[in-house]
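Asker: Next comes structure00.cif, mmCIF, C-alpha atoms:
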```cif
data_work
#
loop_
_atom_site.label_atom_id
_atom_site.label_comp_id
_atom_site.auth_asym_id
_atom_site.auth_seq_id
_atom_site.Cartn_x
_atom_site.Cartn_y
_atom_site.Cartn_z
CA MET O 179 97.66 -142.61 -68.67
CA ILE O 180 98.07 -141.61 -72.32
CA GLN O 181 101.10 -139.52 -73.26
CA ILE O 182 100.83 -137.72 -76.60
CA LEU O 183 104.18 -138.01 -78.35
CA GLN O 184 103.51 -136.37 -81.71
CA THR O 185 100.68 -135.07 -83.86
CA THR O 186 100.53 -134.39 -87.60
CA GLN O 187 97.64 -132.93 -89.56
CA ILE O 188 96.72 -134.99 -92.62
CA PHE O 189 95.16 -133.37 -95.68
CA LYS O 190 93.50 -134.79 -98.79
CA LEU O 191 93.08 -133.23 -102.21
CA THR O 192 89.53 -132.19 -103.06
CA THR O 193 88.86 -130.54 -106.43
CA GLY O 194 92.52 -129.65 -106.64
CA SER O 195 92.89 -127.99 -103.24
CA PRO O 196 94.00 -129.56 -99.94
CA GLU O 197 91.31 -130.21 -97.33
CA PHE O 198 91.88 -131.23 -93.72
CA ALA O 199 91.15 -134.94 -93.17
CA TYR O 200 92.27 -135.79 -89.62
CA THR O 201 95.09 -135.50 -87.12
CA SER O 202 97.47 -138.45 -86.93
CA VAL O 203 98.44 -139.07 -83.31
CA LEU O 204 101.37 -140.96 -81.86
CA PHE O 205 100.97 -141.78 -78.18
CA ALA O 206 102.40 -143.95 -75.43
CA GLN O 207 100.47 -145.89 -72.81
CA ASP O 208 101.67 -148.45 -70.26
CA GLY O 209 105.09 -148.69 -71.90
CA ALA O 210 103.71 -149.34 -75.39
CA THR O 211 103.44 -147.06 -78.42
CA PHE O 212 100.33 -146.56 -80.54
CA LYS O 213 99.19 -144.62 -83.58
CA ALA O 214 95.64 -143.33 -83.98
CA LYS O 215 93.40 -140.82 -85.76
CA PHE O 216 91.74 -137.80 -84.19
CA PHE O 217 89.08 -136.16 -86.35
CA GLY O 218 89.67 -132.69 -85.08
CA ARG O 219 92.25 -129.94 -84.80
CA GLY O 220 93.91 -128.41 -81.79
CA LYS O 221 94.21 -130.23 -78.49
CA VAL O 222 93.76 -133.97 -78.84
CA ASP O 223 91.00 -135.59 -76.79
CA PRO O 224 92.25 -139.09 -75.84
CA GLU O 225 88.66 -140.27 -75.49
CA LYS O 226 88.03 -139.59 -79.19
CA LEU O 227 90.97 -141.45 -80.71
CA LEU O 228 89.95 -143.86 -83.49
CA ASP O 229 91.65 -146.56 -85.57
CA VAL O 230 94.16 -147.20 -82.81
CA GLN O 231 97.13 -149.30 -83.94
CA TYR O 232 99.67 -150.91 -81.64
CA ILE O 233 103.22 -150.44 -82.94
CA PRO O 234 105.18 -153.62 -82.12
CA PRO O 235 108.81 -153.07 -81.05
CA ASP O 236 109.89 -155.90 -83.38
CA LEU O 237 108.77 -153.77 -86.36
CA THR O 238 110.44 -150.58 -85.17
CA TYR O 239 113.56 -151.32 -83.13
CA PRO O 240 115.76 -154.26 -84.17
CA THR O 241 117.60 -156.32 -81.58
CA VAL O 242 121.31 -155.65 -81.20
CA ARG O 243 123.42 -157.75 -83.59
CA PRO O 244 126.85 -159.24 -82.78
CA GLY O 245 129.59 -156.79 -83.71
CA CYS O 246 127.21 -153.83 -83.74
CA SER O 247 129.02 -150.54 -83.00
CA ILE O 248 127.70 -148.84 -79.86
CA ALA O 249 128.05 -145.05 -79.72
CA ALA O 250 129.91 -143.50 -76.81
CA SER O 251 128.08 -140.51 -75.28
CA PRO O 252 125.19 -140.81 -77.77
CA ASP O 253 123.53 -137.59 -76.62
CA LYS O 254 126.30 -135.47 -78.17
CA TRP O 255 125.54 -136.77 -81.68
CA HIS O 256 122.65 -136.40 -84.08
CA ILE O 257 120.44 -139.41 -83.37
CA LYS O 258 118.35 -140.75 -86.25
CA THR O 259 115.31 -142.67 -85.00
CA PRO O 260 112.61 -144.51 -86.97
CA ASN O 261 109.71 -142.37 -88.15
CA LEU O 262 106.91 -144.00 -86.17
CA MET O 263 104.38 -141.71 -87.85
CA SER O 264 105.02 -143.61 -91.08
CA PHE O 265 103.93 -146.92 -89.53
CA ASP O 266 100.92 -148.26 -91.44
CA GLY O 267 100.38 -151.56 -89.69
CA GLY O 268 102.59 -153.66 -91.90
CA ASN O 269 105.76 -151.80 -92.83
CA ASN O 270 108.89 -152.97 -91.07
CA LEU O 271 110.75 -149.87 -89.87
CA ALA O 272 113.33 -152.05 -88.12
CA GLU O 273 114.46 -153.34 -91.53
CA LEU O 274 115.23 -149.78 -92.61
CA ILE O 275 117.43 -149.31 -89.54
CA LEU O 276 119.32 -152.52 -90.29
CA ARG O 277 119.69 -151.58 -93.96
CA GLU O 278 121.21 -148.23 -93.03
CA LEU O 279 123.31 -149.80 -90.30
CA THR O 280 124.86 -152.26 -92.76
CA THR O 281 126.10 -149.42 -94.95
CA CYS O 282 127.11 -147.22 -92.02
CA GLU O 283 129.24 -149.95 -90.44
CA ILE O 284 131.18 -150.14 -93.73
CA ILE O 285 131.58 -146.36 -93.75
CA LYS O 286 132.76 -146.43 -90.14
CA GLN O 287 135.39 -149.03 -90.98
CA PHE O 288 136.39 -147.38 -94.25
CA PRO O 289 135.60 -143.66 -93.88
CA HIS O 290 135.52 -141.11 -96.69
CA HIS O 291 135.61 -137.33 -96.39
CA ASN O 292 132.38 -136.98 -98.40
CA LEU O 293 130.35 -139.52 -96.43
CA VAL O 294 128.64 -139.05 -93.09
CA GLU O 295 130.60 -139.87 -89.92
CA PHE O 296 128.82 -142.75 -88.21
CA GLN O 297 129.42 -142.98 -84.46
CA GLY O 298 127.47 -146.16 -83.66
CA CYS O 299 124.09 -147.22 -82.32
CA ARG O 300 122.07 -145.96 -79.41
CA VAL O 301 120.80 -148.99 -77.53
CA ALA O 302 118.13 -149.59 -74.88
CA ASN O 303 116.77 -152.89 -73.57
CA ASP O 304 118.88 -154.83 -76.08
CA ARG O 305 117.33 -152.99 -79.01
CA ILE O 306 118.75 -150.43 -81.43
CA ILE O 307 116.65 -147.32 -80.89
CA GLY O 308 118.70 -144.94 -83.02
CA LEU O 309 121.78 -144.41 -85.16
CA CYS O 310 124.27 -141.73 -84.11
CA PHE O 311 125.97 -139.41 -86.57
CA LYS O 312 128.13 -136.32 -86.48
CA LYS O 313 126.07 -133.12 -86.43
CA TYR O 314 126.32 -130.83 -89.45
CA ALA O 315 125.30 -127.19 -89.83
CA GLY O 316 122.77 -127.71 -92.61
CA SER O 317 122.03 -129.27 -95.97
CA LEU O 318 122.59 -128.11 -99.53
CA GLN O 319 118.82 -127.71 -99.70
CA ASP O 320 118.86 -125.45 -96.63
CA ARG O 321 121.74 -123.39 -98.03
CA LEU O 322 120.38 -122.80 -101.52
CA ASN O 323 116.63 -123.23 -101.23
CA PRO O 324 115.53 -122.25 -97.69
CA TYR O 325 111.95 -121.56 -98.81
CA SER O 326 111.61 -125.03 -100.37
CA LEU O 327 110.70 -123.85 -103.86
CA ASN O 328 109.85 -126.69 -106.21
CA LYS O 329 112.47 -127.60 -108.80
CA SER O 330 110.88 -125.55 -111.55
CA ALA O 331 110.48 -122.39 -109.46
CA PHE O 332 113.98 -122.77 -108.04
CA ILE O 333 115.72 -123.04 -111.38
CA LEU O 334 113.80 -120.03 -112.75
CA SER O 335 114.36 -117.81 -109.72
CA GLN O 336 116.82 -115.01 -110.48
CA ASP O 337 117.51 -114.71 -106.76
CA HIS O 338 119.25 -118.08 -106.75
CA VAL O 339 121.27 -118.00 -109.98
CA GLN O 340 124.63 -116.87 -108.65
CA LEU O 341 124.47 -118.90 -105.44
CA ARG O 342 123.53 -122.16 -107.14
CA ARG O 343 126.11 -121.73 -109.89
CA GLN O 344 128.77 -121.22 -107.20
CA ALA O 345 127.50 -124.36 -105.47
CA SER O 346 128.18 -126.41 -108.59
CA ARG O 347 131.73 -126.68 -107.22
CA TYR O 348 130.38 -129.32 -104.81
CA MET O 349 129.50 -131.73 -107.60
CA HIS O 350 132.97 -133.21 -108.00
CA GLN O 351 133.10 -134.25 -104.34
CA ILE O 352 129.49 -135.46 -104.32
CA LYS O 353 130.29 -137.69 -107.29
CA GLU O 354 133.45 -138.87 -105.55
CA GLY O 355 131.50 -139.88 -102.44
CA THR O 356 128.86 -141.63 -104.55
CA GLN O 357 131.49 -143.57 -106.50
CA TYR O 358 133.09 -144.61 -103.22
CA ILE O 359 129.75 -146.09 -102.11
CA HIS O 360 129.55 -147.96 -105.40
CA SER O 361 133.02 -149.43 -104.83
CA PHE O 362 131.49 -151.48 -101.99
CA ASN O 363 128.76 -152.80 -104.33
CA LEU O 364 126.20 -150.51 -102.73
CA VAL O 365 123.80 -147.94 -104.20
CA HIS O 366 122.50 -144.94 -102.24
CA ASN O 367 119.18 -144.71 -104.16
CA ASP O 368 118.14 -141.32 -102.72
CA ILE O 369 120.69 -138.67 -103.74
CA ASN O 370 119.07 -135.21 -103.51
CA PRO O 371 119.93 -131.76 -102.05
CA ALA O 372 118.39 -132.56 -98.66
CA ASN O 373 120.70 -135.56 -98.30
CA ILE O 374 123.85 -133.53 -98.94
CA MET O 375 125.07 -131.83 -95.76
CA LEU O 376 127.79 -129.17 -95.52
CA ASP O 377 130.34 -129.41 -92.73
CA GLU O 378 132.35 -126.71 -90.95
CA LYS O 379 134.89 -126.71 -93.80
CA ASP O 380 132.12 -126.35 -96.42
CA THR O 381 132.69 -129.91 -97.58
CA PRO O 382 129.64 -131.74 -99.02
CA ILE O 383 128.70 -134.83 -96.99
CA ILE O 384 126.31 -137.53 -98.23
CA ILE O 385 123.89 -138.77 -95.56
CA ASP O 386 120.74 -140.89 -95.19
CA PHE O 387 121.50 -144.49 -96.13
CA ASP O 388 118.20 -146.18 -95.23
CA THR O 389 117.55 -146.81 -98.94
CA SER O 390 121.07 -148.07 -99.64
CA CYS O 391 121.58 -151.68 -100.71
CA ALA O 392 123.29 -153.84 -103.29
CA PRO O 393 122.32 -153.58 -106.98
CA GLY O 394 119.37 -155.76 -107.89
CA LYS O 395 117.67 -155.58 -104.49
CA ASP O 396 113.97 -154.73 -104.39
CA LEU O 397 113.50 -151.25 -102.91
CA GLY O 398 110.01 -152.24 -101.80
CA MET O 399 108.64 -149.70 -99.35
CA ALA O 400 111.87 -147.69 -99.10
CA LYS O 401 110.96 -144.02 -98.95
CA ARG O 402 112.75 -142.04 -101.64
CA THR O 403 112.46 -138.32 -102.34
CA TYR O 404 109.77 -137.41 -104.86
CA GLY O 405 111.14 -135.71 -107.96
CA TRP O 406 114.63 -137.17 -107.62
CA TYR O 407 114.14 -140.68 -108.98
CA ASP O 408 112.35 -142.60 -111.71
CA PRO O 409 109.11 -143.94 -110.15
CA GLN O 410 109.08 -146.75 -112.71
CA VAL O 411 112.28 -148.19 -111.22
CA ASN O 412 111.77 -150.14 -107.98
CA ILE O 413 115.07 -151.97 -107.78
CA SER O 414 118.45 -150.78 -106.59
CA GLN O 415 120.81 -150.00 -109.46
CA ILE O 416 123.79 -147.71 -109.99
CA SER O 417 121.86 -145.78 -112.66
CA ASN O 418 119.54 -144.57 -109.86
CA ASP O 419 122.44 -142.62 -108.38
CA LEU O 420 123.80 -141.49 -111.73
CA GLY O 421 120.38 -140.16 -112.71
CA ALA O 422 120.04 -138.31 -109.41
CA LEU O 423 123.50 -136.76 -109.87
CA ALA O 424 122.50 -135.58 -113.34
CA GLU O 425 119.31 -134.10 -111.87
CA LEU O 426 121.35 -132.35 -109.18
CA TRP O 427 123.63 -130.87 -111.86
CA VAL O 428 120.61 -129.40 -113.66
CA TRP O 429 119.29 -128.08 -110.33
CA LEU O 430 122.59 -126.23 -109.85
CA THR O 431 123.42 -125.12 -113.38
CA GLY O 432 120.37 -125.54 -115.61
CA THR O 433 118.38 -122.74 -117.23
CA SER O 434 115.07 -124.43 -118.02
CA PRO O 435 112.79 -126.84 -116.10
CA ASP O 436 112.60 -128.89 -119.30
CA GLU O 437 116.13 -130.10 -118.56
CA PHE O 438 114.91 -132.11 -115.56
CA GLN O 439 114.39 -135.82 -116.25
CA PHE O 440 112.31 -136.69 -113.17
CA GLY O 441 109.69 -133.93 -113.37
CA GLN O 442 109.68 -130.24 -112.53
CA TYR O 443 108.31 -130.48 -109.00
#
```
Would you write the structure of this file as structure tokens?

Answerer:
Amino acid sequence: MIQILQTTQIFKLTTGSPEFAYTSVLFAQDGATFKAKFFGRGKVDPEKLLDVQYIPPDLTYPTVRPGCSIAASPDKWHIKTPNLMSFDGGNNLAELILRELTTCEIIKQFPHHNLVEFQGCRVANDRIIGLCFKKYAGSLQDRLNPYSLNKSAFILSQDHVQLRRQASRYMHQIKEGTQYIHSFNLVHNDINPANIMLDEKDTPIIIDFDTSCAPGKDLGMAKRTYGWYDPQVNISQISNDLGALAELWVWLTGTSPDEFQFGQY
């Protein structure tokens, strides 16, 4: 029997406006996971699924490595799992888990008050099925821009001026956390307001290390946040983080969209 796990409507641009294309469907059957297309909206008819792709466990959940930290009571933490909807038949989601795990194991051993608290891995059948982190109330994006205005609209909105200027006080600690990452010869590569959480003491916490790696490494298919990086740069380098920090400073204190270096959207 087919168990529908998740559905997402996919749209394409036609003459400048979005037009429904199909529904992307994630489903399980006989202990295996698949992705398929359903050319309709509403309730999915399993008999009409097309372009069915099997999602191999080797490409989604890496095997447990020696010395891997295992989380105690994993259900009490925020569990980050691979985005199976992003599977395209060839991308290796397991590599992203291992990339993030490498950085998080360093953070666990050498913690910093502006970096996420890593609790360890959630494991099943000798595979890492998720990474466990402390739960935080919300992100800087949630706090300042709950309606997800684009960068240009946000910086021009008079409703946000006072709040975002006040939030500029976070920049010192965000820079401190970023520099601490660099001290281990690692680059985050995806600094943006959605990856800055705020804890119960209103301390900024950097999260999301699945793009982190040493300088010079090819970022390949690593998913970075549009509008917060130079699309011409596909290698890990410290300037990626420094540029994102400069962009964040404009987002908090700037007066004109022209001040943004990575586009106004």

Asker: Which one of O:Leu309, O:Ala315, O:Leu420, O:Met179 sits closest to Arg277 of chain O if you count all atoms listed in the file?

Answerer: O:Leu309

Asker: As a list of chain:residue names, please: the residues near Lys213 of chain O (cut-off 6 Å, all atoms listed in the file, same-chain neighbours under 5 positions excluded).

Answerer: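 With the cut-off at 6 Å, the set is O:Val203, O:Leu204, O:Val230, O:Gln231.
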
Asker: Gln287 of chain O: which residues within 12 Å, counting all atoms listed in the file, same-chain residues fewer than 3 positions away excluded, as a JSON list (two decimals) with C-alpha atoms, keeping the file's coordinate frame?

Answerer:
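File produced: out21.json:
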```json
[["chain", "number", "residue", "atom", "x", "y", "z"],
["O", 246, "CYS", "CA", 127.21, -153.83, -83.74],
["O", 247, "SER", "CA", 129.02, -150.54, -83.00],
["O", 280, "THR", "CA", 124.86, -152.26, -92.76],
["O", 281, "THR", "CA", 126.10, -149.42, -94.95],
["O", 282, "CYS", "CA", 127.11, -147.22, -92.02],
["O", 283, "GLU", "CA", 129.24, -149.95, -90.44],
["O", 284, "ILE", "CA", 131.18, -150.14, -93.73],
["O", 290, "HIS", "CA", 135.52, -141.11, -96.69],
["O", 295, "GLU", "CA", 130.60, -139.87, -89.92],
["O", 296, "PHE", "CA", 128.82, -142.75, -88.21],
["O", 297, "GLN", "CA", 129.42, -142.98, -84.46],
["O", 298, "GLY", "CA", 127.47, -146.16, -83.66],
["O", 362, "PHE", "CA", 131.49, -151.48, -101.99]]
```

Asker: Taking the file as shown, find all residues satisfying the PyMOL selection byres ((chain O and resi 348) around 10) and write them as a list in words.

Answerer: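 This file gives the following for the PyMOL selection byres ((chain O and resi 348) around 10): Leu318, Gln344, Ala345, Ser346, Arg347, Met349, His350, Gln351, Ile352, Lys353, Ile374, Leu376, Asp380, Thr381, Pro382, Ile383, Trp427 and Leu430 of chain O.
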
Asker: Tell me which of O:Tyr239, O:Tyr404, O:Phe440, O:Phe332 sits closest to Gly421 of chain O, counting only C-alpha atoms.

Answerer: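 Ranking O:Tyr239, O:Tyr404, O:Phe440, O:Phe332 by distance to Gly421 of chain O, first place goes to O:Phe440.
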
Asker: Go ahead and compute the interatomic distance for atom CA of Val301 of chain O and atom CA of Pro240 of chain O, in Å to one decimal.

Answerer: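 Spanning atom CA of Val301 of chain O to atom CA of Pro240 of chain O is a straight-line distance of 9.9 Å.
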
Asker: Can you turn the PyMOL selection byres ((chain O and resi 261-263) around 12) into a concrete residue list for this file, as a VMD selection string?

Answerer: chain O and resid 183 to 188 201 to 206 211 to 215 231 to 235 237 to 239 258 to 260 264 to 267 269 to 272 274 to 275 307 to 308 388 401

Asker: Calculate how many Å separate atom CA of Thr356 of chain O from atom CA of Arg402 of chain O, rounding to one decimal.

Answerer: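 Going from atom CA of Thr356 of chain O over to atom CA of Arg402 of chain O covers 16.4 Å.
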
Asker: For the file shown, report as a ChimeraX atom specification the outcome of the PyMOL selection byres ((chain O and resi 243) around 10) at residue level.

Answerer: /O:240-242,244-247,276,304-306

Asker: Find, counting all atoms listed in the file, the residue in O:Asp223, O:Asp386, O:Glu278, O:Asp436 that gets nearest to Lys329 of chain O.

Answerer: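 Looking at the shortest contact to Lys329 of chain O, the residue is O:Asp436.
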